[in-house]
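Peer 1: Okay, here's the structure, questions in a sec.
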Amino acid sequence: MRPHLVAQTSLPPLWSLDRVPGASVWLAHTEEGELLVLDDKLAVLRTVALPQEWKGGHAVAPDLSFVAASGPDRVSVLDMTGRQVWSHPHADWVFEESGSCVVTTDARGVWAVARTEDGDACMLFDAQDGSVRRTALLPSETVGSELLPHPDGIHVGVAAGHGDDAYRIFLVASDGTGPAAEVPPGDTRILIDIQPGSGLMLTTPYGEGPIALLRSPDGGIVAARQPAQLFPGQDEQFDFYAGFLGPDRVLAASSAQRHLVFSVPDLRPTAEIEYPDDEERAWLIVRHDGTWVTADPDTGRVQLWRLGGGLLGG
């Protein structure tokens with residue numbers, strides 16, 4: 001399947017690149033510490049400078065009114081000039097550890113993974129004044145995390161990396177109490193996307209294993225696809241990059257930088273993306289509107305793609 005190249009650009013070397021829930025923009029974080037908001041021509045709409053040592057997962061509001069930043073010892077909200085609006089101190093992340101942030105789709109709240117005196121926790125802050133609305137303790141310390149707003153507007157999904165070489169999934173409700181709920185308990189999976197409408201959770205393996213679709217909130221497995229069913233060699237596995245390309249498609253990467261399309265909800269392989277060149281595509285970030293970006297973080301080369309007409313179901 002041949003994709004259509006929508007746009008391409010060259011940025012400074014990148015620390016991270018992500019979609020922005022609720023907005024048709026992309027968020028790049030350069031190794032020098034700048035946050036770059038990119039439009040769908042990959043032009044820079046906004047630039048916010050952060051301290052270079054702030055390597056956590058940062059976020060921008062869907063209306064581009066503010067940035068939520070995860071620093072080594074605090075969660076902060078900054079306006080788009082980089083001026084601090086509020087800051088919530090917490091215990092230090094150490095060595096290569098870091099927290100993460102995401103802004104709710106209505107831009108009224110900021111979810112963050114922070115280190116508290118009682119342990120690592122998923123916290124919900126009021127975006128305007130920084131007051132704490134919810135604190136849900138995680139069962140063990142994290143070394144890294146990513147937060148995904150659930151389409152129900154109540155929950156947030158937590159992909160939490162732990163020091164025991166495991167990734168676990170938690171769901172936290174803004175109106176709930178008590179600790180974060182692990183779904184499904186005991187499994188090592190990375191929560192990589194949540195589908196609008198159905199709330200299906202897409203997971204990828206940490207190391208070897210299948211890609212899978214899970215129900216929310218209970219985590220029951222809807223479908224799973226093992227790498228051995230697709231890749232003839234034992235060395236090729238699923239990477240952790242994947243996402244919902246629309247209501248009936250998933251796009252997932254392999255460790256050999258192959259990008260494959262699967263149907264939803266059965267995860268049946270339907271096509272492999274045939275790019276027109278041999279550019280390095282170490283990163284794959286997928287958006288629900290049928291577009292995706294590929295990137296080489298070392299060179300900063302970013303390309304935006306979409307499927308040809310009629311290939312994406314409605």
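Here's how to read the names in the structure tokens: chain A, B, ... by the order shown, residue numbers from 1 in each chain, ligand numbers from 1 in the order shown.
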Which residues of region 216-296 of chain A sit at most 12 Å from region 164-172 of chain A, using only C-alpha atoms? Give each one's shortest atom pair and distance in Å (one decimal place), in chain and ascending residue order, as a tab-separated table.

Peer 2:
residue	atom	partner	partner_atom	distance
A:Ser216	CA	A:Leu171	CA	8.6
A:Pro217	CA	A:Leu171	CA	7.2
A:Asp218	CA	A:Leu171	CA	9.4
A:Gly219	CA	A:Ile169	CA	9.1
A:Phe240	CA	A:Tyr167	CA	11.1

Peer 1: Please provide as number ranges by chain all residues within 10 Å of region 202-209 of chain A, with the sequence filter that same-chain residues fewer than 5 positions apart are discarded (counting only C-alpha atoms).

Peer 2: A: 159, 161, 165-169, 188-195, 214-215, 223-228, 235-244, 250, 252-253, 255

Peer 1: Skip region 109-126 of chain A itself and residues of its chain fewer than 5 positions away, then list as a PDB file with N, CA, C and O atoms, in the first residue's frame all residues within 6 Å of it, counting only C-alpha atoms.

Peer 2:
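Listed below is the output, part36.pdb:
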ATOM      1  N   HIS A  90       7.477  18.439  43.721  1.00  0.00           N
ATOM      2  CA  HIS A  90       7.364  17.059  44.184  1.00  0.00           C
ATOM      3  C   HIS A  90       8.760  16.499  44.415  1.00  0.00           C
ATOM      4  O   HIS A  90       9.775  17.153  44.122  1.00  0.00           O
ATOM      5  N   ALA A  91       8.863  15.303  44.958  1.00  0.00           N
ATOM      6  CA  ALA A  91      10.158  14.663  45.188  1.00  0.00           C
ATOM      7  C   ALA A  91      10.892  14.489  43.860  1.00  0.00           C
ATOM      8  O   ALA A  91      10.266  14.356  42.798  1.00  0.00           O
ATOM      9  N   GLY A  99       8.899  11.990  34.868  1.00  0.00           N
ATOM     10  CA  GLY A  99       7.451  11.929  34.924  1.00  0.00           C
ATOM     11  C   GLY A  99       6.848  12.255  33.574  1.00  0.00           C
ATOM     12  O   GLY A  99       7.527  12.267  32.540  1.00  0.00           O
ATOM     13  N   SER A 100       5.553  12.542  33.562  1.00  0.00           N
ATOM     14  CA  SER A 100       4.863  12.855  32.313  1.00  0.00           C
ATOM     15  C   SER A 100       3.627  13.686  32.606  1.00  0.00           C
ATOM     16  O   SER A 100       3.143  13.721  33.737  1.00  0.00           O
ATOM     17  N   CYS A 101       3.137  14.357  31.569  1.00  0.00           N
ATOM     18  CA  CYS A 101       1.937  15.191  31.668  1.00  0.00           C
ATOM     19  C   CYS A 101       1.068  14.987  30.434  1.00  0.00           C
ATOM     20  O   CYS A 101       1.554  14.640  29.357  1.00  0.00           O
ATOM     21  N   VAL A 102      -0.214  15.235  30.582  1.00  0.00           N
ATOM     22  CA  VAL A 102      -1.109  15.376  29.456  1.00  0.00           C
ATOM     23  C   VAL A 102      -2.228  16.325  29.870  1.00  0.00           C
ATOM     24  O   VAL A 102      -2.611  16.373  31.043  1.00  0.00           O
ATOM     25  N   VAL A 103      -2.727  17.101  28.920  1.00  0.00           N
ATOM     26  CA  VAL A 103      -3.811  18.044  29.170  1.00  0.00           C
ATOM     27  C   VAL A 103      -5.131  17.386  28.773  1.00  0.00           C
ATOM     28  O   VAL A 103      -5.213  16.709  27.745  1.00  0.00           O
ATOM     29  N   THR A 104      -6.156  17.548  29.586  1.00  0.00           N
ATOM     30  CA  THR A 104      -7.461  17.004  29.232  1.00  0.00           C
ATOM     31  C   THR A 104      -7.964  17.672  27.950  1.00  0.00           C
ATOM     32  O   THR A 104      -7.573  18.795  27.619  1.00  0.00           O
ATOM     33  N   SER A 131      -4.477  23.616  41.648  1.00  0.00           N
ATOM     34  CA  SER A 131      -4.995  22.878  42.805  1.00  0.00           C
ATOM     35  C   SER A 131      -5.155  21.400  42.439  1.00  0.00           C
ATOM     36  O   SER A 131      -5.468  21.047  41.301  1.00  0.00           O
ATOM     37  N   VAL A 132      -4.932  20.525  43.416  1.00  0.00           N
ATOM     38  CA  VAL A 132      -4.959  19.083  43.190  1.00  0.00           C
ATOM     39  C   VAL A 132      -6.386  18.570  43.294  1.00  0.00           C
ATOM     40  O   VAL A 132      -7.047  18.738  44.316  1.00  0.00           O
ATOM     41  N   ARG A 133      -6.870  17.946  42.247  1.00  0.00           N
ATOM     42  CA  ARG A 133      -8.223  17.383  42.236  1.00  0.00           C
ATOM     43  C   ARG A 133      -8.239  15.893  42.583  1.00  0.00           C
ATOM     44  O   ARG A 133      -9.230  15.386  43.111  1.00  0.00           O
ATOM     45  N   ARG A 134      -7.164  15.186  42.241  1.00  0.00           N
ATOM     46  CA  ARG A 134      -7.166  13.728  42.401  1.00  0.00           C
ATOM     47  C   ARG A 134      -5.726  13.248  42.539  1.00  0.00           C
ATOM     48  O   ARG A 134      -4.823  13.727  41.831  1.00  0.00           O
ATOM     49  N   THR A 135      -5.498  12.330  43.461  1.00  0.00           N
ATOM     50  CA  THR A 135      -4.199  11.673  43.597  1.00  0.00           C
ATOM     51  C   THR A 135      -4.449  10.174  43.700  1.00  0.00           C
ATOM     52  O   THR A 135      -5.153   9.715  44.602  1.00  0.00           O
ATOM     53  N   ALA A 136      -3.900   9.424  42.750  1.00  0.00           N
ATOM     54  CA  ALA A 136      -4.052   7.970  42.725  1.00  0.00           C
ATOM     55  C   ALA A 136      -2.664   7.350  42.758  1.00  0.00           C
ATOM     56  O   ALA A 136      -1.903   7.454  41.791  1.00  0.00           O
ATOM     57  N   LEU A 137      -2.324   6.723  43.872  1.00  0.00           N
ATOM     58  CA  LEU A 137      -1.003   6.119  44.009  1.00  0.00           C
ATOM     59  C   LEU A 137      -0.848   4.936  43.066  1.00  0.00           C
ATOM     60  O   LEU A 137      -1.779   4.154  42.852  1.00  0.00           O
ATOM     61  N   LEU A 138       0.363   4.815  42.492  1.00  0.00           N
ATOM     62  CA  LEU A 138       0.734   3.655  41.697  1.00  0.00           C
ATOM     63  C   LEU A 138       1.394   2.634  42.624  1.00  0.00           C
ATOM     64  O   LEU A 138       2.011   3.003  43.625  1.00  0.00           O
ATOM     65  N   GLU A 141       7.386   2.156  42.155  1.00  0.00           N
ATOM     66  CA  GLU A 141       8.053   3.289  41.522  1.00  0.00           C
ATOM     67  C   GLU A 141       8.140   3.111  40.010  1.00  0.00           C
ATOM     68  O   GLU A 141       8.255   1.988  39.509  1.00  0.00           O
TER      69      GLU A 141
END

Peer 1: From the set A:Gly290, A:Pro276, A:Gly178, A:Gly57, which residue has the shortest atom-to-atom contact distance to Glu146 (chain A), counting only C-alpha atoms?

Peer 2: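 Ranking A:Gly290, A:Pro276, A:Gly178, A:Gly57 by distance to Glu146 (chain A), first place goes to A:Gly57.
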
Peer 1: Just checking: using only C-alpha atoms, which residue out of A:Arg19, A:His4, A:Arg74, A:His155 ends up closest to Trp93 (chain A)?

Peer 2: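 Result for the nearest residue to Trp93 (chain A): A:Arg74.
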
Peer 1: Neighbouring residues of Val156 (chain A) were defined as those with any atom within 7 Å, considering only C-alpha atoms; residues of the same chain fewer than 3 positions away were excluded. Please report them as a list in words.

Peer 2: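 The residues satisfying every condition are Leu147, Leu148, Pro149, His150, Leu171, Val172 and Ala173 of chain A.
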